[in-house]
>>> print(open('structure-v3.cif').read())   # mmCIF, C-alpha atoms
data_data
loop_
_atom_site.group_PDB
_atom_site.id
_atom_site.type_symbol
_atom_site.label_atom_id
_atom_site.label_comp_id
_atom_site.auth_asym_id
_atom_site.auth_seq_id
_atom_site.Cartn_x
_atom_site.Cartn_y
_atom_site.Cartn_z
ATOM 1 C CA MET A 1004 -17.126 -21.958 -30.254
ATOM 2 C CA THR A 1005 -15.224 -25.209 -29.753
ATOM 3 C CA LYS A 1006 -15.262 -27.115 -26.475
ATOM 4 C CA ASN A 1007 -11.532 -26.414 -26.009
ATOM 5 C CA ASN A 1008 -12.090 -22.723 -26.565
ATOM 6 C CA LYS A 1009 -14.886 -22.707 -23.990
ATOM 7 C CA ASN A 1010 -12.787 -24.596 -21.424
ATOM 8 C CA PHE A 1011 -9.792 -22.276 -21.818
ATOM 9 C CA LEU A 1012 -12.099 -19.283 -21.536
ATOM 10 C CA ASN A 1013 -13.680 -20.609 -18.348
ATOM 11 C CA ILE A 1014 -10.334 -21.500 -16.762
ATOM 12 C CA SER A 1015 -8.836 -18.077 -17.512
ATOM 13 C CA LEU A 1016 -12.046 -16.420 -16.306
ATOM 14 C CA CYS A 1017 -11.884 -18.249 -12.964
ATOM 15 C CA LEU A 1018 -8.174 -17.524 -12.546
ATOM 16 C CA ALA A 1019 -8.646 -13.831 -13.365
ATOM 17 C CA ALA A 1020 -11.556 -13.556 -10.925
ATOM 18 C CA PHE A 1021 -9.753 -15.438 -8.159
ATOM 19 C CA SER A 1022 -6.522 -13.432 -8.497
ATOM 20 C CA GLY A 1023 -8.489 -10.168 -8.727
ATOM 21 C CA ILE A 1024 -10.471 -10.813 -5.573
ATOM 22 C CA LEU A 1025 -7.287 -11.929 -3.816
ATOM 23 C CA ILE A 1026 -5.510 -8.695 -4.816
ATOM 24 C CA PHE A 1027 -8.340 -6.630 -3.344
ATOM 25 C CA ALA A 1028 -8.413 -8.683 -0.124
ATOM 26 C CA LEU A 1029 -4.629 -8.583 0.335
ATOM 27 C CA LYS A 1030 -4.527 -4.842 -0.278
ATOM 28 C CA LYS A 1031 -7.446 -4.140 2.019
ATOM 29 C CA TRP A 1032 -6.791 -6.535 4.906
ATOM 30 C CA GLY A 1033 -3.560 -8.377 4.142
ATOM 31 C CA HIS A 1034 -0.894 -5.837 5.142
ATOM 32 C CA VAL A 1035 1.727 -7.051 7.587
ATOM 33 C CA GLU A 1036 3.679 -5.283 10.320
ATOM 34 C CA GLY A 1037 7.319 -4.735 9.413
ATOM 35 C CA ALA A 1038 10.226 -3.237 11.329
ATOM 36 C CA PHE A 1039 9.258 0.333 10.358
ATOM 37 C CA GLY A 1040 5.481 0.017 10.190
ATOM 38 C CA ARG A 1041 2.980 -1.399 7.753
ATOM 39 C CA GLU A 1042 4.139 -3.352 4.727
ATOM 40 C CA ALA A 1043 2.186 -4.809 1.850
ATOM 41 C CA ASN A 1044 1.539 -8.531 1.985
ATOM 42 C CA PRO A 1045 4.476 -10.425 0.432
ATOM 43 C CA PHE A 1046 2.030 -12.491 -1.662
ATOM 44 C CA LEU A 1047 0.570 -9.350 -3.263
ATOM 45 C CA VAL A 1048 3.387 -9.168 -5.842
ATOM 46 C CA TYR A 1049 2.766 -12.751 -7.015
ATOM 47 C CA THR A 1050 -1.015 -12.339 -7.032
ATOM 48 C CA LYS A 1051 -0.682 -9.191 -9.141
ATOM 49 C CA ALA A 1052 1.727 -10.936 -11.499
ATOM 50 C CA ALA A 1053 -0.787 -13.783 -11.903
ATOM 51 C CA HIS A 1054 -3.621 -11.314 -12.596
ATOM 52 C CA TYR A 1055 -1.539 -9.357 -15.129
ATOM 53 C CA PHE A 1056 -0.620 -12.657 -16.817
ATOM 54 C CA VAL A 1057 -4.122 -14.145 -16.944
ATOM 55 C CA THR A 1058 -6.248 -11.118 -17.874
ATOM 56 C CA PRO A 1059 -4.628 -10.430 -21.301
ATOM 57 C CA ILE A 1060 -5.092 -14.140 -22.088
ATOM 58 C CA LEU A 1061 -8.773 -13.808 -21.142
ATOM 59 C CA VAL A 1062 -9.172 -10.751 -23.394
ATOM 60 C CA PHE A 1063 -7.347 -12.624 -26.186
ATOM 61 C CA LEU A 1064 -9.654 -15.650 -25.785
ATOM 62 C CA ILE A 1065 -12.697 -13.377 -25.918
ATOM 63 C CA GLY A 1066 -11.170 -11.950 -29.085
ATOM 64 C CA THR A 1067 -10.944 -15.437 -30.589
ATOM 65 C CA ILE A 1068 -14.708 -15.967 -30.184
ATOM 66 C CA THR A 1069 -15.648 -12.536 -31.539
ATOM 67 C CA HIS A 1070 -16.026 -13.611 -35.147
ATOM 68 C CA GLY A 1071 -17.334 -17.166 -34.743
ATOM 69 C CA HIS A 1072 -19.626 -16.601 -31.773
ATOM 70 C CA ILE A 1073 -20.391 -12.970 -30.833
ATOM 71 C CA LYS A 1074 -20.668 -11.487 -34.339
ATOM 72 C CA LYS A 1075 -22.337 -14.603 -35.742
ATOM 73 C CA TYR A 1076 -25.148 -14.731 -33.176
ATOM 74 C CA TYR A 1077 -25.561 -10.955 -33.019
ATOM 75 C CA GLU A 1078 -26.092 -10.737 -36.771
ATOM 76 C CA SER A 1079 -28.354 -13.814 -36.880
ATOM 77 C CA GLY A 1080 -30.846 -11.946 -34.704
ATOM 78 C CA MET A 1081 -31.190 -14.906 -32.350
ATOM 79 C CA LYS A 1082 -33.010 -13.805 -29.209
ATOM 80 C CA LYS A 1083 -31.897 -16.592 -26.865
ATOM 81 C CA ASN A 1084 -29.044 -15.412 -24.570
ATOM 82 C CA ARG A 1085 -28.912 -12.088 -26.393
ATOM 83 C CA ARG A 1086 -29.336 -9.965 -23.255
ATOM 84 C CA THR A 1087 -26.712 -11.819 -21.219
ATOM 85 C CA GLY A 1088 -24.349 -11.830 -24.199
ATOM 86 C CA LEU A 1089 -24.674 -8.085 -24.733
ATOM 87 C CA SER A 1090 -24.262 -7.371 -21.009
ATOM 88 C CA ASN A 1091 -21.085 -9.505 -21.073
ATOM 89 C CA ILE A 1092 -19.694 -7.428 -23.942
ATOM 90 C CA ILE A 1093 -20.453 -4.175 -22.095
ATOM 91 C CA THR A 1094 -18.955 -5.434 -18.818
ATOM 92 C CA ILE A 1095 -15.749 -6.687 -20.476
ATOM 93 C CA ILE A 1096 -15.303 -3.239 -22.086
ATOM 94 C CA ILE A 1097 -15.801 -1.577 -18.674
ATOM 95 C CA LEU A 1098 -13.392 -4.088 -17.100
ATOM 96 C CA VAL A 1099 -10.642 -3.386 -19.638
ATOM 97 C CA ILE A 1100 -11.071 0.393 -19.346
ATOM 98 C CA THR A 1101 -11.138 0.411 -15.519
ATOM 99 C CA GLY A 1102 -8.277 -2.125 -15.345
ATOM 100 C CA GLN A 1103 -6.049 0.025 -17.542
ATOM 101 C CA SER A 1104 -7.122 3.191 -15.704
ATOM 102 C CA LEU A 1105 -6.054 1.690 -12.376
ATOM 103 C CA LEU A 1106 -2.476 1.652 -13.634
ATOM 104 C CA ILE A 1107 -2.395 5.342 -14.499
ATOM 105 C CA ILE A 1108 -4.755 7.149 -12.119
ATOM 106 C CA GLY A 1109 -2.888 9.624 -9.925
ATOM 107 C CA SER A 1110 -5.514 10.300 -7.279
ATOM 108 C CA LYS A 1111 -5.991 7.844 -4.423
ATOM 109 C CA ASP A 1112 -9.697 8.573 -3.965
ATOM 110 C CA VAL A 1113 -10.497 8.201 -7.665
ATOM 111 C CA LYS A 1114 -8.346 5.049 -7.754
ATOM 112 C CA TYR A 1115 -10.310 3.503 -4.891
ATOM 113 C CA PHE A 1116 -13.584 4.363 -6.639
ATOM 114 C CA VAL A 1117 -12.357 2.775 -9.904
ATOM 115 C CA GLU A 1118 -11.097 -0.271 -7.944
ATOM 116 C CA ILE A 1119 -14.585 -0.808 -6.552
ATOM 117 C CA ILE A 1120 -16.140 -0.468 -10.037
ATOM 118 C CA HIS A 1121 -13.544 -2.913 -11.445
ATOM 119 C CA LEU A 1122 -14.195 -5.421 -8.667
ATOM 120 C CA GLY A 1123 -17.974 -5.089 -8.908
ATOM 121 C CA THR A 1124 -18.038 -5.320 -12.698
ATOM 122 C CA GLY A 1125 -15.598 -8.246 -12.587
ATOM 123 C CA SER A 1126 -17.760 -10.202 -10.157
ATOM 124 C CA PHE A 1127 -20.835 -9.424 -12.257
ATOM 125 C CA PHE A 1128 -18.986 -10.544 -15.409
ATOM 126 C CA VAL A 1129 -18.028 -13.910 -13.886
ATOM 127 C CA PHE A 1130 -21.605 -14.503 -12.768
ATOM 128 C CA MET A 1131 -23.095 -13.440 -16.110
ATOM 129 C CA ALA A 1132 -20.539 -15.399 -18.173
ATOM 130 C CA PHE A 1133 -21.522 -18.671 -16.475
ATOM 131 C CA TYR A 1134 -25.215 -17.758 -16.564
ATOM 132 C CA HIS A 1135 -24.851 -17.089 -20.304
ATOM 133 C CA GLN A 1136 -23.410 -20.581 -20.813
ATOM 134 C CA LYS A 1137 -25.978 -22.337 -18.647
ATOM 135 C CA LYS A 1138 -29.041 -20.670 -20.085
ATOM 136 C CA MET B 67 27.130 -36.160 30.928
ATOM 137 C CA GLU B 68 28.992 -34.243 28.245
ATOM 138 C CA LEU B 69 25.844 -34.089 26.124
ATOM 139 C CA LEU B 70 23.779 -32.857 29.062
ATOM 140 C CA ARG B 71 26.312 -30.098 29.723
ATOM 141 C CA LEU B 72 26.197 -29.051 26.060
ATOM 142 C CA ARG B 73 22.415 -29.010 26.126
ATOM 143 C CA LEU B 74 22.421 -26.869 29.251
ATOM 144 C CA ILE B 75 24.853 -24.404 27.639
ATOM 145 C CA PHE B 76 22.691 -24.119 24.510
ATOM 146 C CA LEU B 77 19.522 -23.755 26.556
ATOM 147 C CA SER B 78 20.997 -20.983 28.700
ATOM 148 C CA LEU B 79 22.344 -19.215 25.575
ATOM 149 C CA PHE B 80 18.887 -19.461 24.017
ATOM 150 C CA LEU B 81 17.184 -18.115 27.139
ATOM 151 C CA ILE B 82 19.584 -15.176 27.284
ATOM 152 C CA THR B 83 19.707 -14.229 23.580
ATOM 153 C CA VAL B 84 16.025 -14.470 22.686
ATOM 154 C CA PRO B 85 14.763 -11.809 25.148
ATOM 155 C CA VAL B 86 17.747 -9.547 24.378
ATOM 156 C CA TRP B 87 17.157 -9.933 20.649
ATOM 157 C CA GLY B 88 13.539 -8.959 21.171
ATOM 158 C CA LEU B 89 14.628 -5.764 22.916
ATOM 159 C CA VAL B 90 16.715 -4.509 19.979
ATOM 160 C CA ASP B 91 14.839 -1.723 18.236
ATOM 161 C CA PRO B 92 15.540 -1.835 14.457
ATOM 162 C CA ILE B 93 14.707 1.873 14.190
ATOM 163 C CA LEU B 94 17.578 2.818 16.490
ATOM 164 C CA ASP B 95 19.841 0.875 14.152
ATOM 165 C CA LEU B 96 19.193 3.394 11.342
ATOM 166 C CA ASN B 97 22.122 5.515 10.130
ATOM 167 C CA PHE B 98 20.345 8.682 11.269
ATOM 168 C CA PHE B 99 20.523 7.610 14.926
ATOM 169 C CA LYS B 100 24.079 6.336 14.487
ATOM 170 C CA ASN B 101 25.045 9.786 13.169
ATOM 171 C CA HIS B 102 23.450 11.320 16.267
ATOM 172 C CA SER B 103 25.161 8.970 18.683
ATOM 173 C CA ASN B 104 26.213 11.921 20.861
ATOM 174 C CA CYS B 105 22.542 12.761 21.442
ATOM 175 C CA ARG B 106 20.185 11.129 23.899
ATOM 176 C CA THR B 107 17.370 9.179 22.270
ATOM 177 C CA LEU B 108 14.155 8.423 24.117
ATOM 178 C CA ARG B 109 11.336 6.346 22.746
ATOM 179 C CA ASN B 110 8.104 8.307 23.099
ATOM 180 C CA TYR B 111 5.454 6.525 21.041
ATOM 181 C CA LEU B 112 2.176 8.303 20.588
ATOM 182 C CA TYR B 113 -0.971 6.287 21.184
ATOM 183 C CA LEU B 114 -4.140 7.953 19.963
ATOM 184 C CA ASN B 115 -7.046 7.585 22.352
ATOM 185 C CA LYS B 116 -10.602 8.367 21.260
ATOM 186 C CA ASP B 117 -10.277 12.143 21.813
ATOM 187 C CA LYS B 118 -6.898 12.353 20.107
ATOM 188 C CA MET B 119 -8.188 10.210 17.259
ATOM 189 C CA ASN B 120 -11.171 12.547 16.782
ATOM 190 C CA LEU B 121 -8.906 15.593 16.792
ATOM 191 C CA PHE B 122 -6.556 13.887 14.346
ATOM 192 C CA LYS B 123 -9.446 13.001 12.062
ATOM 193 C CA GLU B 124 -10.780 16.550 12.223
ATOM 194 C CA LYS B 125 -7.419 18.088 11.319
ATOM 195 C CA LEU B 126 -6.397 15.514 8.698
ATOM 196 C CA GLY B 127 -9.835 15.056 7.163
ATOM 197 C CA LYS B 128 -9.679 11.278 7.457
ATOM 198 C CA ASN B 129 -8.753 8.572 9.942
ATOM 199 C CA PRO B 130 -5.033 7.836 10.248
ATOM 200 C CA ASP B 131 -3.878 4.369 9.122
ATOM 201 C CA SER B 132 -2.738 3.524 12.618
ATOM 202 C CA ALA B 133 -3.416 4.669 16.167
ATOM 203 C CA ILE B 134 0.231 4.228 17.126
ATOM 204 C CA PHE B 135 2.953 6.585 15.925
ATOM 205 C CA ARG B 136 6.637 5.837 16.268
ATOM 206 C CA ARG B 137 8.117 8.920 17.859
ATOM 207 C CA TYR B 138 11.540 9.426 19.445
ATOM 208 C CA GLU B 139 12.821 12.388 21.397
ATOM 209 C CA LEU B 140 16.291 13.400 20.313
ATOM 210 C CA LYS B 141 18.098 15.467 22.907
ATOM 211 C CA CYS B 142 21.358 16.927 21.640
ATOM 212 C CA LYS B 143 23.616 19.545 23.259
ATOM 213 C CA ASN B 144 22.290 22.497 21.278
ATOM 214 C CA GLU B 145 18.786 21.422 20.400
ATOM 215 C CA GLU B 146 15.963 19.111 21.250
ATOM 216 C CA GLY B 147 13.619 17.650 18.715
ATOM 217 C CA SER B 148 11.393 14.758 17.780
ATOM 218 C CA VAL B 149 11.985 12.074 15.227
ATOM 219 C CA TYR B 150 8.949 10.453 13.616
ATOM 220 C CA ILE B 151 9.057 7.203 11.704
ATOM 221 C CA MET B 152 6.122 7.698 9.358
ATOM 222 C CA ASN B 153 4.719 4.975 7.200
ATOM 223 C CA GLY B 154 2.245 5.473 4.340
ATOM 224 C CA LEU B 155 0.712 3.671 1.404
ATOM 225 C CA VAL B 156 1.911 4.909 -2.005
ATOM 226 C CA ARG B 157 0.043 2.780 -4.585
ATOM 227 C CA SER B 158 0.038 -0.846 -3.478
ATOM 228 C CA HIS B 159 3.152 -0.742 -1.337
ATOM 229 C CA TYR B 160 4.328 1.361 1.560
ATOM 230 C CA MET B 161 7.045 3.950 2.027
ATOM 231 C CA THR B 162 8.635 4.943 5.326
ATOM 232 C CA LEU B 163 10.042 8.378 6.070
ATOM 233 C CA LEU B 164 12.099 9.542 8.996
ATOM 234 C CA ILE B 165 11.053 13.096 9.816
ATOM 235 C CA HIS B 166 13.152 15.080 12.280
ATOM 236 C CA ALA B 167 11.246 18.033 13.700
ATOM 237 C CA VAL B 168 12.891 20.793 15.728
ATOM 238 C CA ASN B 169 11.086 23.899 17.002
ATOM 239 C CA LYS B 170 8.004 23.135 14.882
ATOM 240 C CA GLU B 171 10.082 22.989 11.717
ATOM 241 C CA VAL B 172 11.277 20.165 9.497
ATOM 242 C CA LYS B 173 14.960 19.699 10.261
ATOM 243 C CA ASP B 174 15.588 16.608 8.175
ATOM 244 C CA VAL B 175 13.674 14.075 6.090
ATOM 245 C CA LYS B 176 15.189 10.710 5.235
ATOM 246 C CA LEU B 177 13.786 7.844 3.233
ATOM 247 C CA VAL B 178 13.869 4.681 5.333
ATOM 248 C CA SER B 179 12.148 2.235 3.025
ATOM 249 C CA PHE B 180 10.385 2.337 -0.319
ATOM 250 C CA ALA B 181 8.698 -0.784 -1.680
ATOM 251 C CA GLU B 182 7.273 0.662 -4.918
ATOM 252 C CA PRO B 183 9.335 0.552 -8.147
ATOM 253 C CA THR B 184 12.478 2.715 -8.012
ATOM 254 C CA GLU B 185 11.263 5.147 -10.705
ATOM 255 C CA TYR B 186 8.711 6.459 -8.178
ATOM 256 C CA LYS B 187 11.293 6.819 -5.417
ATOM 257 C CA PRO B 188 11.857 10.368 -4.140
ATOM 258 C CA LYS B 189 15.356 11.693 -4.798
ATOM 259 C CA VAL B 190 17.592 12.791 -1.901
ATOM 260 C CA ASN B 191 17.706 16.426 -3.092
ATOM 261 C CA TRP B 192 13.901 16.515 -3.330
ATOM 262 C CA LEU B 193 13.653 15.339 0.273
ATOM 263 C CA GLN B 194 16.328 17.842 1.318
ATOM 264 C CA ALA B 195 14.209 20.619 -0.186
ATOM 265 C CA LEU B 196 11.605 19.886 2.500
ATOM 266 C CA ASN B 197 13.986 20.939 5.276
ATOM 267 C CA GLY B 198 13.037 24.161 6.972
ATOM 268 C CA ARG B 199 9.298 23.869 6.260
ATOM 269 C CA SER B 200 7.296 25.229 9.162
ATOM 270 C CA PHE B 201 4.617 23.143 10.848
ATOM 271 C CA GLN B 202 2.771 26.358 11.701
ATOM 272 C CA LYS B 203 1.925 27.036 8.045
ATOM 273 C CA ASN B 204 0.282 24.967 5.340
ATOM 274 C CA ILE B 205 2.693 22.450 3.918
ATOM 275 C CA GLU B 206 3.082 22.911 0.166
ATOM 276 C CA ILE B 207 5.580 20.761 -1.660
ATOM 277 C CA ASP B 208 6.684 20.566 -5.284
ATOM 278 C CA GLY B 209 5.497 17.483 -7.114
ATOM 279 C CA ILE B 210 7.773 14.808 -8.518
ATOM 280 C CA SER B 211 7.183 14.394 -12.229
ATOM 281 C CA GLY B 212 5.702 10.945 -12.864
ATOM 282 C CA ALA B 213 5.401 10.115 -9.173
ATOM 283 C CA THR B 214 2.257 11.942 -8.061
ATOM 284 C CA LEU B 215 1.337 9.327 -5.466
ATOM 285 C CA THR B 216 4.786 9.554 -3.833
ATOM 286 C CA THR B 217 4.340 13.333 -3.557
ATOM 287 C CA GLN B 218 0.837 12.922 -2.107
ATOM 288 C CA THR B 219 2.001 10.335 0.435
ATOM 289 C CA THR B 220 4.951 12.510 1.510
ATOM 290 C CA LYS B 221 2.641 15.492 1.948
ATOM 291 C CA ASN B 222 0.178 13.373 3.914
ATOM 292 C CA LEU B 223 2.932 12.087 6.220
ATOM 293 C CA LEU B 224 4.241 15.626 6.787
ATOM 294 C CA ASN B 225 0.714 16.794 7.592
ATOM 295 C CA GLN B 226 0.358 14.008 10.161
ATOM 296 C CA VAL B 227 3.637 15.091 11.802
ATOM 297 C CA LYS B 228 2.363 18.687 11.722
ATOM 298 C CA ILE B 229 -0.745 17.646 13.672
ATOM 299 C CA MET B 230 1.341 15.769 16.238
ATOM 300 C CA GLU B 231 3.862 18.611 16.613
ATOM 301 C CA ASN B 232 1.130 21.192 17.089
ATOM 302 C CA ASN B 233 -1.249 19.203 19.279
ATOM 303 C CA PHE B 234 0.316 16.221 20.993
ATOM 304 C CA HIS B 235 3.790 17.347 21.800
ATOM 305 C CA ASP B 236 4.128 15.970 25.298
ATOM 306 C CA LYS B 237 7.850 15.718 25.917
ATOM 307 C CA LYS B 238 9.403 13.086 28.117
#
>>> encode(input="structure-v3.cif", output="C-alpha cells")
Amino acid sequence: MTKNNKNFLNISLCLAAFSGILIFALKKWGHVEGAFGREANPFLVYTKAAHYFVTPILVFLIGTITHGHIKKYYESGMKKNRRTGLSNIITIIILVITGQSLLIIGSKDVKYFVEIIHLGTGSFFVFMAFYHQKK
Amino acid sequence: MELLRLRLIFLSLFLITVPVWGLVDPILDLNFFKNHSNCRTLRNYLYLNKDKMNLFKEKLGKNPDSAIFRRYELKCKNEEGSVYIMNGLVRSHYMTLLIHAVNKEVKDVKLVSFAEPTEYKPKVNWLQALNGRSFQKNIEIDGISGATLTTQTTKNLLNQVKIMENNFHDKK
C-alpha cells in the first residue's frame, strides 16, 4: 500500500465516520419545529449527501488495496495484524450490507435496529482500522 | 427633526407589526380553513399530562412523538367536528396530515406537507379513500405500492386521532 493510498483511505474513513455519526445525531436529536409540527433538520440532506458520496469512495479505496495488501498478507501467512485485518474485512462487509439494507427496509423497528448495528459496526471499524495501522 | 420623525414612524410600525405577525397562525391559513370560512374555528390544543400520556402509550403501544397535539374545533351550521394537524416521521423526513373528524368518523384527510421524495407521496384519491372510516373500529388501510413507510405513518397518525377522539374529546 502506498502512502498516498493510505492517506486517501484514512481521509475518506474519517469523513464517512463523521458524516455517519452526524446523520444519526441529526435524525435523533436535530429535528426542528416548523409551522405544522416537527421537521427534519435542514442540514440532514447535506450530511446524507456527503455520506452517500464518501462511502462508495471508501469502499473503492478498500478495493484498491485488496490485491496488493489484503490478499498478499493473507496468503503470506503473516501473523502480525492478522486478527485486526480480518475483523476489518468482516466489519466492512457488515457495514456495506447494513448500509444498503437501510435504504430498502420497510419496517421502522427493523430499520432502527439495523441503524444501531450500522452505527456500532462503523464506530468499531474506524477504531480497528486505526489500531490496525498503528500496531 | 425629519430623521427623528422617520425613526419614530418606523419604530412604531415595528412595535405594531411584530406582535401581530406573531399572532398569525399558519395553520389557519391553509386552504381547508379558507374553504370552511363560514364555520367557526376554535383552537383547542391538546396537552398530554402524565395520566393522558400513560393512557396514550397504553392504547398506541408506544410514546407519542410530542405531548402537544394541534387540534381545532370546527363549528359549522350542520355539523361540528375536530380538525387535527398530525405530524409524523416517514423515513428521515416528516409528513403532515390534516384530519377532519366528525361524529367519530374521518370526514376528510388532506396532505399538508411531505418532505420525503415525491414518489413516496400519497395520492389524493388514496387519501380520499380514508374518508368515512370509523374511529370506533380498527383502522385498516390499503397500502401504497412502493411507499410502505408512508402507509405506516398515515395509519399511525389516524390511530393517534382515534385515541384522542375516543378518550380526550373535551369540546370548547
>>> resolve_selection(input="structure-v3.cif", expression="the PyMOL selection byres ((chain B) within 6 of (chain A))", output="PDB file with C-alpha atoms, in the coordinates of the input")
ATOM      1  CA  ASN B 153       4.719   4.975   7.200  1.00  0.00           C
ATOM      2  CA  HIS B 159       3.152  -0.742  -1.337  1.00  0.00           C
ATOM      3  CA  TYR B 160       4.328   1.361   1.560  1.00  0.00           C
ATOM      4  CA  THR B 214       2.257  11.942  -8.061  1.00  0.00           C
TER       5      THR B 214
END
>>> closest_residue(input="structure-v3.cif", among="B:Thr217, B:Arg136, B:Val172, B:Asn233", to="Ser200 (chain B)", atoms="all atoms listed in the file")
B:Val172
>>> atom_distance(input="structure-v3.cif", atom1="CA of Lys176 (chain B)", atom2="CA of Leu163 (chain B)")
5.7 Å
>>> resolve_selection(input="structure-v3.cif", expression="the PyMOL selection byres ((chain A and resi 1087-1104) around 8)", output="count of residues only")
20
>>> resolve_selection(input="structure-v3.cif", expression="the PyMOL selection byres ((chain B and resi 145-150) around 8)", output="VMD selection string")
chain B and resid 135 to 144 151 to 152 163 to 169 227
>>> atom_distance(input="structure-v3.cif", atom1="CA of Asp91 (chain B)", atom2="CA of Lys118 (chain B)")
26.0 Å
>>> atom_distance(input="structure-v3.cif", atom1="CA of Tyr113 (chain B)", atom2="CA of Glu182 (chain B)")
27.9 Å
>>> closest_residue(input="structure-v3.cif", among="B:Ile205, B:Leu223, B:Lys123, B:Pro183", to="Thr162 (chain B)", atoms="only C-alpha atoms")
B:Leu223
>>> residues_around(input="structure-v3.cif", residues="region 1058-1065 of chain A", least_positions_apart="4", cutoff="7 Å", atoms="only C-alpha atoms", output="list in words")
Leu1012, Ser1015, Leu1016, Ala1019, His1054 and Thr1069 of chain A
>>> residues_around(input="structure-v3.cif", residues="Asn1007 (chain A)", least_positions_apart="4", cutoff="12 Å", atoms="only C-alpha atoms", output="list in words")
Phe1011, Leu1012, Asn1013, Ile1014, Leu1064, Thr1067 and Ile1068 of chain A
>>> closest_residue(input="structure-v3.cif", among="B:Trp192, B:Lys116, B:Asn110, B:Val90", to="Thr220 (chain B)", atoms="only C-alpha atoms")
B:Trp192
>>> closest_residue(input="structure-v3.cif", among="B:Asn197, B:Asn97, B:Asn222, B:Thr107", to="Pro130 (chain B)", atoms="only C-alpha atoms")
B:Asn222
>>> closest_residue(input="structure-v3.cif", among="B:Asn225, B:Val190, B:Asp117, B:Ser103", to="Ile207 (chain B)", atoms="all atoms listed in the file")
B:Asn225
>>> axis_aligned_box(input="structure-v3.cif", around="region 190-204 of chain B", padding_each_side="8 Å", output="AutoDock Vina command-line options")
--center_x 9.0 --center_y 19.9 --center_z 4.2 --size_x 33.4 --size_y 30.2 --size_z 31.0
